[in-house]
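S.K.: Data: work18.txt, compact mmCIF, N, CA and C atoms.
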# COMPACT_ATOMS: atom_id res chain seq x y z
N MET G 1 242.26 55.80 232.82
CA MET G 1 243.59 55.25 232.82
C MET G 1 243.99 54.92 234.26
N ALA G 2 244.33 53.75 234.52
CA ALA G 2 244.70 53.30 235.86
C ALA G 2 246.17 53.61 236.14
N ALA G 3 246.40 54.18 237.32
CA ALA G 3 247.79 54.49 237.70
C ALA G 3 248.44 53.24 238.22
N SER G 4 249.65 53.01 237.79
CA SER G 4 250.36 51.84 238.29
C SER G 4 251.31 52.29 239.39
N PHE G 5 251.20 51.66 240.50
CA PHE G 5 252.06 51.98 241.64
C PHE G 5 253.15 50.92 241.74
N ARG G 6 254.35 51.40 241.78
CA ARG G 6 255.47 50.48 241.91
C ARG G 6 255.60 50.09 243.38
N GLN G 7 255.60 48.86 243.65
CA GLN G 7 255.68 48.38 245.03
C GLN G 7 257.13 48.48 245.52
N LYS G 8 257.29 49.04 246.73
CA LYS G 8 258.63 49.16 247.31
C LYS G 8 259.09 47.79 247.79
N PRO G 9 260.39 47.53 247.70
CA PRO G 9 260.88 46.24 248.21
C PRO G 9 260.74 46.20 249.73
N PRO G 10 260.55 45.05 250.29
CA PRO G 10 260.40 44.96 251.75
C PRO G 10 261.70 45.35 252.44
N ILE G 11 261.57 45.89 253.65
CA ILE G 11 262.72 46.29 254.46
C ILE G 11 263.03 45.15 255.42
N LEU G 12 264.29 44.80 255.48
CA LEU G 12 264.72 43.74 256.38
C LEU G 12 265.46 44.38 257.56
N HIS G 13 264.95 44.19 258.77
CA HIS G 13 265.60 44.69 259.98
C HIS G 13 266.34 43.52 260.62
N VAL G 14 267.63 43.70 260.83
CA VAL G 14 268.44 42.66 261.44
C VAL G 14 268.72 43.08 262.88
N ILE G 15 268.45 42.19 263.80
CA ILE G 15 268.69 42.47 265.22
C ILE G 15 270.01 41.82 265.61
N ASP G 16 270.92 42.67 266.08
CA ASP G 16 272.21 42.19 266.55
C ASP G 16 272.09 41.97 268.06
N GLU G 17 272.02 40.74 268.46
CA GLU G 17 271.80 40.43 269.87
C GLU G 17 273.00 40.80 270.74
N GLU G 18 274.16 41.03 270.14
CA GLU G 18 275.35 41.36 270.91
C GLU G 18 275.56 42.87 271.02
N PHE G 19 274.72 43.65 270.34
CA PHE G 19 274.86 45.10 270.39
C PHE G 19 274.39 45.62 271.74
N VAL G 20 275.20 46.48 272.34
CA VAL G 20 274.84 47.10 273.61
C VAL G 20 274.84 48.61 273.38
N PRO G 21 273.69 49.26 273.57
CA PRO G 21 273.66 50.71 273.37
C PRO G 21 274.53 51.40 274.41
N PRO G 22 275.14 52.52 274.04
CA PRO G 22 275.99 53.23 275.01
C PRO G 22 275.15 53.83 276.13
N ASP G 23 275.78 54.00 277.29
CA ASP G 23 275.10 54.65 278.40
C ASP G 23 274.81 56.10 278.05
N ARG G 24 273.76 56.63 278.64
CA ARG G 24 273.41 58.02 278.39
C ARG G 24 274.55 58.93 278.80
N GLY G 25 274.84 59.88 277.94
CA GLY G 25 275.85 60.87 278.26
C GLY G 25 277.27 60.43 277.99
N ASP G 26 277.48 59.20 277.49
CA ASP G 26 278.84 58.76 277.21
C ASP G 26 279.52 59.63 276.16
N GLU G 27 278.73 60.19 275.25
CA GLU G 27 279.30 61.01 274.19
C GLU G 27 279.55 62.44 274.66
N GLN G 28 279.05 62.81 275.82
CA GLN G 28 279.19 64.17 276.31
C GLN G 28 280.36 64.29 277.26
N GLU G 29 281.01 65.45 277.19
CA GLU G 29 282.08 65.73 278.15
C GLU G 29 281.45 66.14 279.47
N GLY G 30 281.98 65.65 280.56
CA GLY G 30 281.48 66.02 281.87
C GLY G 30 282.08 67.34 282.34
N PRO G 31 281.63 67.82 283.48
CA PRO G 31 282.21 69.07 284.00
C PRO G 31 283.68 68.87 284.33
N GLU G 32 284.44 69.96 284.25
CA GLU G 32 285.87 69.89 284.54
C GLU G 32 286.15 69.70 286.02
N SER G 33 285.24 70.17 286.87
CA SER G 33 285.42 70.01 288.31
C SER G 33 284.06 69.70 288.94
N ALA G 34 284.12 69.23 290.16
CA ALA G 34 282.88 68.87 290.87
C ALA G 34 282.33 70.04 291.68
N VAL G 35 282.76 71.24 291.38
CA VAL G 35 282.27 72.42 292.08
C VAL G 35 280.81 72.65 291.72
N PRO G 36 279.95 72.87 292.70
CA PRO G 36 278.53 73.10 292.38
C PRO G 36 278.37 74.32 291.46
N ALA G 37 277.46 74.19 290.53
CA ALA G 37 277.21 75.28 289.59
C ALA G 37 276.08 76.15 290.13
N GLY G 38 276.09 77.40 289.76
CA GLY G 38 274.99 78.28 290.12
C GLY G 38 275.18 78.98 291.45
N ASP G 39 274.25 79.84 291.73
CA ASP G 39 274.28 80.66 292.94
C ASP G 39 273.35 80.03 293.98
N PRO G 40 273.87 79.60 295.12
CA PRO G 40 273.02 78.98 296.14
C PRO G 40 271.89 79.90 296.61
N ASP G 41 272.16 81.20 296.72
CA ASP G 41 271.11 82.13 297.16
C ASP G 41 269.98 82.19 296.13
N GLU G 42 270.35 82.16 294.86
CA GLU G 42 269.33 82.16 293.80
C GLU G 42 268.51 80.88 293.84
N ALA G 43 269.16 79.76 294.13
CA ALA G 43 268.45 78.48 294.23
C ALA G 43 267.43 78.52 295.37
N VAL G 44 267.81 79.09 296.49
CA VAL G 44 266.90 79.21 297.64
C VAL G 44 265.73 80.13 297.29
N ARG G 45 266.03 81.26 296.63
CA ARG G 45 264.97 82.20 296.23
C ARG G 45 263.97 81.52 295.29
N LEU G 46 264.49 80.79 294.30
CA LEU G 46 263.61 80.11 293.35
C LEU G 46 262.79 79.02 294.02
N PHE G 47 263.40 78.31 294.98
CA PHE G 47 262.68 77.26 295.69
C PHE G 47 261.52 77.85 296.49
N HIS G 48 261.75 78.97 297.17
CA HIS G 48 260.68 79.60 297.95
C HIS G 48 259.59 80.15 297.02
N HIS G 49 259.98 80.67 295.88
CA HIS G 49 259.00 81.14 294.90
C HIS G 49 258.14 79.96 294.42
N TYR G 50 258.77 78.84 294.13
CA TYR G 50 258.04 77.63 293.72
C TYR G 50 257.06 77.19 294.82
N ARG G 51 257.52 77.22 296.07
CA ARG G 51 256.65 76.80 297.18
C ARG G 51 255.44 77.72 297.30
N ARG G 52 255.63 79.04 297.11
CA ARG G 52 254.51 79.98 297.16
C ARG G 52 253.52 79.69 296.04
N LEU G 53 254.01 79.44 294.84
CA LEU G 53 253.13 79.13 293.71
C LEU G 53 252.35 77.84 293.96
N MET G 54 253.02 76.83 294.47
CA MET G 54 252.34 75.56 294.75
C MET G 54 251.27 75.75 295.84
N ALA G 55 251.56 76.57 296.84
CA ALA G 55 250.57 76.83 297.89
C ALA G 55 249.35 77.53 297.30
N GLN G 56 249.56 78.45 296.37
CA GLN G 56 248.43 79.13 295.72
C GLN G 56 247.60 78.14 294.91
N ILE G 57 248.27 77.23 294.20
CA ILE G 57 247.56 76.26 293.36
C ILE G 57 246.80 75.26 294.22
N LEU G 58 247.46 74.73 295.26
CA LEU G 58 246.86 73.69 296.09
C LEU G 58 245.89 74.25 297.13
N GLY G 59 246.07 75.51 297.49
CA GLY G 59 245.23 76.09 298.52
C GLY G 59 245.77 75.88 299.92
N TYR G 60 246.90 75.23 300.04
CA TYR G 60 247.56 75.04 301.33
C TYR G 60 249.05 74.85 301.09
N GLU G 61 249.83 75.07 302.12
CA GLU G 61 251.28 74.91 302.00
C GLU G 61 251.69 73.54 302.51
N GLU G 62 252.40 72.82 301.69
CA GLU G 62 252.87 71.50 302.09
C GLU G 62 253.95 71.63 303.16
N GLU G 63 253.92 70.69 304.12
CA GLU G 63 254.93 70.70 305.16
C GLU G 63 256.18 70.01 304.67
N LEU G 64 257.31 70.62 304.95
CA LEU G 64 258.58 70.00 304.60
C LEU G 64 259.08 69.19 305.78
N PRO G 65 259.83 68.12 305.51
CA PRO G 65 260.41 67.36 306.63
C PRO G 65 261.47 68.21 307.32
N GLU G 66 261.72 67.89 308.57
CA GLU G 66 262.75 68.59 309.34
C GLU G 66 264.12 68.30 308.72
N PRO G 67 265.06 69.22 308.87
CA PRO G 67 266.42 68.95 308.36
C PRO G 67 267.01 67.73 309.07
N ALA G 68 267.87 67.03 308.36
CA ALA G 68 268.50 65.85 308.94
C ALA G 68 269.45 66.26 310.06
N SER G 69 269.49 65.44 311.09
CA SER G 69 270.39 65.70 312.22
C SER G 69 271.81 65.24 311.85
N GLU G 70 272.78 65.72 312.60
CA GLU G 70 274.17 65.31 312.38
C GLU G 70 274.31 63.80 312.56
N GLU G 71 273.59 63.25 313.57
CA GLU G 71 273.66 61.81 313.83
C GLU G 71 273.05 61.03 312.67
N GLY G 72 271.94 61.55 312.13
CA GLY G 72 271.29 60.89 311.00
C GLY G 72 272.17 60.89 309.76
N LEU G 73 272.83 62.02 309.51
CA LEU G 73 273.74 62.10 308.37
C LEU G 73 274.91 61.14 308.54
N ALA G 74 275.45 61.09 309.76
CA ALA G 74 276.57 60.18 310.02
C ALA G 74 276.16 58.73 309.81
N ALA G 75 274.95 58.38 310.24
CA ALA G 75 274.47 57.01 310.08
C ALA G 75 274.31 56.65 308.59
N VAL G 76 273.80 57.57 307.82
CA VAL G 76 273.62 57.32 306.39
C VAL G 76 274.99 57.19 305.70
N GLU G 77 275.93 58.04 306.09
CA GLU G 77 277.26 57.98 305.50
C GLU G 77 277.94 56.65 305.85
N GLU G 78 277.68 56.12 307.03
CA GLU G 78 278.24 54.82 307.41
C GLU G 78 277.68 53.72 306.52
N GLU G 79 276.40 53.82 306.16
CA GLU G 79 275.78 52.79 305.31
C GLU G 79 276.37 52.80 303.92
N LEU G 80 276.80 53.98 303.48
CA LEU G 80 277.38 54.07 302.13
C LEU G 80 278.75 53.46 302.14
In structure tokens, write the structure found in this file.

M.R.:
Amino acid sequence: MAASFRQKPPILHVIDEEFVPPDRGDEQEGPESAVPAGDPDEAVRLFHHYRRLMAQILGYEEELPEPASEEGLAAVEEEL
């Protein structure tokens, strides 16, 4: 006995050329204030822990760039 399979009707996708998807996060509420979150000391501790782990994996410690000078920061702020 042969099984008869009912064929599904084709699906029609309509493209709305005027539709603009929302920007990411538009549906989310932002923070109430611009105060940095978290503990800065904990961030430093975790960063140093990460650097130690990376040095173990790579076999050497990557050099970090020198901190920005006051003049360099002022110049960048002027460009903004």

S.K.: By how many Å are atom CA of G:Ala43 and atom CA of G:Ile57 apart?

M.R.: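 Distance reported for this atom pair: 21.0 Å.
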
S.K.: Using Å and a single decimal, report how far atom C of G:Arg45 sits from atom N of G:Glu62.

M.R.: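 Taking atom N of G:Glu62 as the start and atom C of G:Arg45 as the end point, the length is 15.8 Å.
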
S.K.: Report as a PyMOL selection string: the residues of stretch 17-76 of chain G with a DSSP assignment of alpha helix (DSSP H), based on the backbone of this structure.

M.R.: chain G and resi 40-58+70-76

S.K.: To one decimal place in Å, what is the distance between atom C of G:Val14 and atom C of G:Gln28?

M.R.: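 Between these atoms lies a distance of 28.1 Å.
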